[in-house]
file my_file_39.txt (compact mmCIF, C-alpha atoms and all ligand atoms)
# COMPACT_ATOMS: atom_id res chain seq x y z
CA MET F 819 96.21 115.44 133.89
CA ARG F 820 95.34 113.59 130.68
CA ARG F 821 97.98 110.88 130.15
CA ALA F 822 98.37 108.45 127.25
CA VAL F 823 100.71 105.52 126.71
CA CYS F 824 102.41 104.61 123.44
CA PRO F 825 103.42 100.96 123.95
CA GLY F 826 105.86 98.99 121.86
CA SER F 827 109.04 96.95 121.67
CA PHE F 828 110.88 99.79 119.92
CA ASP F 829 113.80 97.54 119.01
CA PRO F 830 114.71 100.15 117.80
CA ILE F 831 112.46 103.20 117.54
CA THR F 832 111.79 104.22 113.93
CA ASN F 833 110.72 107.57 112.48
CA GLY F 834 107.24 106.09 112.13
CA HIS F 835 107.06 105.48 115.87
CA LEU F 836 108.55 108.89 116.63
CA ASP F 837 106.01 110.61 114.38
CA ILE F 838 103.09 109.05 116.28
CA ILE F 839 104.66 109.79 119.68
CA MET F 840 105.25 113.45 118.79
CA ARG F 841 101.73 113.88 117.39
CA ALA F 842 100.23 112.18 120.45
CA SER F 843 102.17 114.60 122.67
CA THR F 844 100.17 117.49 121.19
CA GLN F 845 96.90 115.81 122.21
CA PHE F 846 97.66 114.93 125.84
CA ASP F 847 99.18 116.60 128.88
CA GLU F 848 101.71 113.75 129.04
CA VAL F 849 102.68 110.84 126.83
CA VAL F 850 104.34 107.82 128.40
CA VAL F 851 106.32 105.71 125.93
CA ALA F 852 106.29 102.20 127.37
CA VAL F 853 109.06 99.88 126.22
CA LEU F 854 107.55 96.44 126.57
CA ILE F 855 109.74 93.77 128.18
CA ASN F 856 109.17 90.38 126.60
CA LYS F 857 111.44 87.83 128.33
CA GLY F 858 110.90 85.22 125.64
CA LYS F 859 112.01 87.47 122.79
CA SER F 860 115.65 88.13 121.89
CA THR F 861 116.26 91.75 120.97
CA LEU F 862 119.03 93.69 119.24
CA PHE F 863 119.08 96.40 121.92
CA THR F 864 118.55 95.93 125.66
CA VAL F 865 115.55 97.54 127.35
CA GLU F 866 117.80 100.26 128.79
CA GLU F 867 119.38 100.92 125.39
CA ARG F 868 115.95 101.13 123.74
CA MET F 869 114.75 103.57 126.40
CA ASP F 870 117.88 105.72 125.99
CA LEU F 871 117.50 105.75 122.20
CA ILE F 872 113.89 106.93 122.53
CA ARG F 873 114.84 109.63 125.03
CA GLN F 874 117.64 110.88 122.77
CA ALA F 875 115.41 110.77 119.66
CA VAL F 876 112.74 112.83 121.46
CA ARG F 877 115.37 115.30 122.79
CA ASP F 878 116.71 115.77 119.27
CA HIS F 879 113.23 116.41 117.82
CA PRO F 880 112.56 120.11 117.10
CA GLN F 881 108.91 119.89 118.23
CA ALA F 882 109.62 118.11 121.54
CA ALA F 883 107.66 119.93 124.27
CA GLY F 884 108.97 118.19 127.36
CA ASN F 885 105.80 116.18 128.04
CA ILE F 886 107.11 112.80 126.88
CA VAL F 887 108.47 110.31 129.42
CA VAL F 888 109.92 106.87 128.73
CA GLU F 889 109.31 103.86 130.97
CA SER F 890 109.62 100.09 130.68
CA SER F 891 106.72 97.74 131.26
CA HIS F 892 106.39 94.00 131.80
CA GLY F 893 103.11 92.13 132.20
CA LEU F 894 99.72 93.47 131.16
CA LEU F 895 99.55 96.92 129.60
CA VAL F 896 96.36 97.66 131.55
CA ASP F 897 98.23 97.05 134.81
CA PHE F 898 100.86 99.54 133.63
CA CYS F 899 98.05 102.03 132.85
CA ARG F 900 96.49 101.60 136.31
CA ALA F 901 99.88 102.05 138.00
CA HIS F 902 100.61 105.24 136.05
CA GLY F 903 97.15 106.84 136.05
CA ILE F 904 96.82 106.42 132.28
CA GLN F 905 93.36 106.44 130.69
CA SER F 906 94.28 106.12 127.01
CA ILE F 907 96.45 103.97 124.77
CA VAL F 908 97.61 105.55 121.52
CA LYS F 909 98.51 103.25 118.66
CA GLY F 910 99.66 103.99 115.15
CA LEU F 911 97.96 102.13 112.31
CA ARG F 912 100.19 101.60 109.27
CA ALA F 913 97.81 99.62 107.11
CA VAL F 914 94.47 97.77 107.22
CA SER F 915 96.46 94.66 108.13
CA ASP F 916 97.32 96.24 111.50
CA PHE F 917 93.66 96.75 112.36
CA ASP F 918 92.42 93.23 113.13
CA TYR F 919 94.95 92.57 115.87
CA GLU F 920 94.82 96.11 117.26
CA LEU F 921 91.00 96.01 117.46
CA GLN F 922 91.17 92.72 119.41
CA MET F 923 93.69 94.19 121.85
CA ALA F 924 91.67 97.41 122.21
CA GLN F 925 88.49 95.48 123.04
CA MET F 926 90.29 93.29 125.57
CA ASN F 927 91.98 96.27 127.26
CA HIS F 928 88.66 98.11 127.46
CA ARG F 929 86.96 95.05 129.01
CA LEU F 930 89.79 94.45 131.46
CA ALA F 931 90.16 98.00 132.74
CA GLY F 932 88.02 100.47 130.79
CA VAL F 933 91.17 101.83 129.14
CA GLU F 934 90.42 103.45 125.78
CA THR F 935 92.58 102.89 122.70
CA LEU F 936 92.91 105.78 120.24
CA PHE F 937 94.24 105.04 116.77
CA MET F 938 96.29 107.49 114.74
CA SER F 939 97.03 107.14 111.05
CA THR F 940 100.73 106.63 110.45
CA ASN F 941 102.34 109.22 108.20
CA PRO F 942 102.19 107.59 104.73
CA GLN F 943 105.93 108.17 104.22
CA TYR F 944 106.54 105.72 107.09
CA ALA F 945 103.67 103.29 106.49
CA PHE F 946 106.01 100.54 105.29
CA LEU F 947 108.30 100.81 108.32
CA SER F 948 108.81 98.35 111.14
CA SER F 949 111.74 97.82 113.49
CA SER F 950 112.22 94.32 112.07
CA LEU F 951 112.47 95.53 108.47
CA VAL F 952 114.88 98.32 109.40
CA LYS F 953 117.15 95.82 111.22
CA GLU F 954 117.01 93.39 108.31
CA VAL F 955 117.99 96.04 105.76
CA ALA F 956 120.71 97.48 108.01
CA ARG F 957 122.06 94.00 108.72
CA TYR F 958 122.78 93.56 105.01
CA GLY F 959 124.34 96.99 104.66
CA GLY F 960 121.29 98.78 103.30
CA ASP F 961 120.92 102.53 103.92
CA VAL F 962 118.18 103.24 106.50
CA ALA F 963 119.09 106.92 106.92
CA GLY F 964 115.89 108.99 107.10
CA LEU F 965 113.88 106.00 108.31
CA VAL F 966 115.22 106.06 111.88
CA PRO F 967 116.34 108.90 114.17
CA ASP F 968 120.01 109.83 113.69
CA VAL F 969 120.96 108.46 117.10
CA VAL F 970 119.45 105.09 116.13
CA LEU F 971 121.29 105.09 112.79
CA LYS F 972 124.59 105.57 114.62
CA HIS F 973 123.92 102.76 117.09
CA LEU F 974 122.57 100.41 114.41
CA ARG F 975 125.79 100.80 112.44
CA GLU F 976 127.85 100.14 115.60
CA ARG F 977 125.74 97.17 116.69
CA LEU F 978 125.47 95.52 113.27
C1 LIG F 1001 104.07 104.45 118.73
C2 LIG F 1001 104.07 103.13 118.03
C3 LIG F 1001 104.34 101.90 118.63
N1 LIG F 1001 104.23 100.92 117.71
C4 LIG F 1001 104.48 99.51 118.00
C5 LIG F 1001 105.87 99.14 117.48
C6 LIG F 1001 106.60 98.13 118.34
O1 LIG F 1001 105.97 97.29 118.99
O2 LIG F 1001 107.84 98.20 118.36
C7 LIG F 1001 103.92 101.49 116.48
C8 LIG F 1001 103.73 100.92 115.22
C9 LIG F 1001 103.44 101.79 114.15
C10 LIG F 1001 103.30 103.17 114.32
C11 LIG F 1001 103.47 103.75 115.57
C12 LIG F 1001 103.79 102.89 116.66
call {"tool": "encode", "arguments": {"input": "my_file_39.txt", "output": "structure tokens"}}
result
Amino acid sequence: MRRAVCPGSFDPITNGHLDIIMRASTQFDEVVVAVLINKGKSTLFTVEERMDLIRQAVRDHPQAAGNIVVESSHGLLVDFCRAHGIQSIVKGLRAVSDFDYELQMAQMNHRLAGVETLFMSTNPQYAFLSSSLVKEVARYGGDVAGLVPDVVLKHLRERL
């Protein structure tokens, strides 16, 4: 069973994230989306809400093949990988600016536990997206339809 993890805060999931998760699910037997718990960071949605939004977004996706599971993770990602029998981390790269930090994390995770990190190119139509930017635009009444899954759009409007 070849498993990969797609880690992130997903506060909330965007269509850029969903695109990578769906594409990763065609490359592995199972993809585990890990919602990272960061106690020090205030978030718009709770961990449970973020997990539910991801599950709904995947369910609503026409290409969903039933091999995507959503979990939460605190502490080191490599410990999460060991606990879940995961050999690969899949990350989406949006721009060259993402690469420096992601390379550092990939080298550390490989040294710590031999876990490989596989990078996928983000779909150019979503390359400018981040959860923070989506929240900022939505907060000031901007239209983020098409940039986030419909279920996220609904909850963003309710929450903000
Ligand atoms: C799957 C995925 C997770 N992340 C981290 C996002 C986060 O930490 O919330 C991404 C960033 C860009 C493209 C794809 C992804």
call {"tool": "residues_near_ligand", "arguments": {"input": "my_file_39.txt", "ligand": "ligand LIG 1001 (chain F)", "cutoff": "6 Å", "atoms": "all atoms listed in the file", "output": "JSON, numbers by chain"}}
result
{"F": [824, 825, 826, 827, 828, 834, 835, 838, 839, 909, 910, 911, 912, 940]}
call {"tool": "atom_distance", "arguments": {"input": "my_file_39.txt", "atom1": "atom CA of F:Asn833", "atom2": "atom CA of F:Leu871"}}
result
12.0 Å
call {"tool": "atom_distance", "arguments": {"input": "my_file_39.txt", "atom1": "atom CA of F:Ile907", "atom2": "atom CA of F:Ile872"}}
result
17.8 Å
call {"tool": "atom_distance", "arguments": {"input": "my_file_39.txt", "atom1": "atom CA of F:Val865", "atom2": "atom CA of F:Phe937"}}
result
24.9 Å
call {"tool": "residues_around", "arguments": {"input": "my_file_39.txt", "residues": "F:Arg977", "least_positions_apart": "3", "cutoff": "8 Å", "atoms": "all atoms listed in the file", "output": "PDB file with C-alpha atoms, in the frame of the given file"}}
result
ATOM      1  CA  LEU F 862     119.030  93.690 119.240  1.00  0.00           C
ATOM      2  CA  HIS F 973     123.920 102.760 117.090  1.00  0.00           C
ATOM      3  CA  LEU F 974     122.570 100.410 114.410  1.00  0.00           C
TER       4      LEU F 974
END
call {"tool": "closest_residue", "arguments": {"input": "my_file_39.txt", "among": "F:Gly959, F:Pro830, F:Gly893, F:Gly903", "to": "F:Leu854", "atoms": "all atoms listed in the file"}}
result
F:Gly893
call {"tool": "closest_residue", "arguments": {"input": "my_file_39.txt", "among": "F:Ala924, F:Leu936, F:Leu965, F:Arg975", "to": "F:Leu951", "atoms": "all atoms listed in the file"}}
result
F:Leu965
call {"tool": "build_atoms", "arguments": {"input": "my_file_39.txt", "residues": "stretch 920-931 of chain F", "atoms": "N, CA and C atoms", "output": "PDB file, keeping the file's coordinate frame"}}
result
ATOM      1  N   GLU F 920      94.936  94.956 116.345  1.00  0.00           N
ATOM      2  CA  GLU F 920      94.820  96.110 117.260  1.00  0.00           C
ATOM      3  C   GLU F 920      93.408  96.258 117.810  1.00  0.00           C
ATOM      4  N   LEU F 921      92.401  95.923 116.988  1.00  0.00           N
ATOM      5  CA  LEU F 921      91.000  96.010 117.460  1.00  0.00           C
ATOM      6  C   LEU F 921      90.772  94.989 118.578  1.00  0.00           C
ATOM      7  N   GLN F 922      91.310  93.793 118.396  1.00  0.00           N
ATOM      8  CA  GLN F 922      91.170  92.720 119.410  1.00  0.00           C
ATOM      9  C   GLN F 922      91.811  93.175 120.722  1.00  0.00           C
ATOM     10  N   MET F 923      93.006  93.727 120.636  1.00  0.00           N
ATOM     11  CA  MET F 923      93.690  94.190 121.850  1.00  0.00           C
ATOM     12  C   MET F 923      92.913  95.339 122.497  1.00  0.00           C
ATOM     13  N   ALA F 924      92.409  96.250 121.679  1.00  0.00           N
ATOM     14  CA  ALA F 924      91.670  97.410 122.210  1.00  0.00           C
ATOM     15  C   ALA F 924      90.415  96.955 122.954  1.00  0.00           C
ATOM     16  N   GLN F 925      89.725  95.967 122.391  1.00  0.00           N
ATOM     17  CA  GLN F 925      88.490  95.480 123.040  1.00  0.00           C
ATOM     18  C   GLN F 925      88.808  94.744 124.340  1.00  0.00           C
ATOM     19  N   MET F 926      89.898  93.997 124.346  1.00  0.00           N
ATOM     20  CA  MET F 926      90.290  93.290 125.570  1.00  0.00           C
ATOM     21  C   MET F 926      90.707  94.298 126.647  1.00  0.00           C
ATOM     22  N   ASN F 927      91.524  95.285 126.268  1.00  0.00           N
ATOM     23  CA  ASN F 927      91.980  96.270 127.260  1.00  0.00           C
ATOM     24  C   ASN F 927      90.827  97.092 127.815  1.00  0.00           C
ATOM     25  N   HIS F 928      89.824  97.352 126.963  1.00  0.00           N
ATOM     26  CA  HIS F 928      88.660  98.110 127.460  1.00  0.00           C
ATOM     27  C   HIS F 928      87.873  97.248 128.435  1.00  0.00           C
ATOM     28  N   ARG F 929      87.730  95.956 128.124  1.00  0.00           N
ATOM     29  CA  ARG F 929      86.960  95.050 129.010  1.00  0.00           C
ATOM     30  C   ARG F 929      87.690  94.835 130.340  1.00  0.00           C
ATOM     31  N   LEU F 930      89.003  94.722 130.255  1.00  0.00           N
ATOM     32  CA  LEU F 930      89.790  94.450 131.460  1.00  0.00           C
ATOM     33  C   LEU F 930      89.798  95.631 132.423  1.00  0.00           C
ATOM     34  N   ALA F 931      89.919  96.859 131.837  1.00  0.00           N
ATOM     35  CA  ALA F 931      90.160  98.000 132.740  1.00  0.00           C
ATOM     36  C   ALA F 931      89.514  99.295 132.284  1.00  0.00           C
TER      37      ALA F 931
END
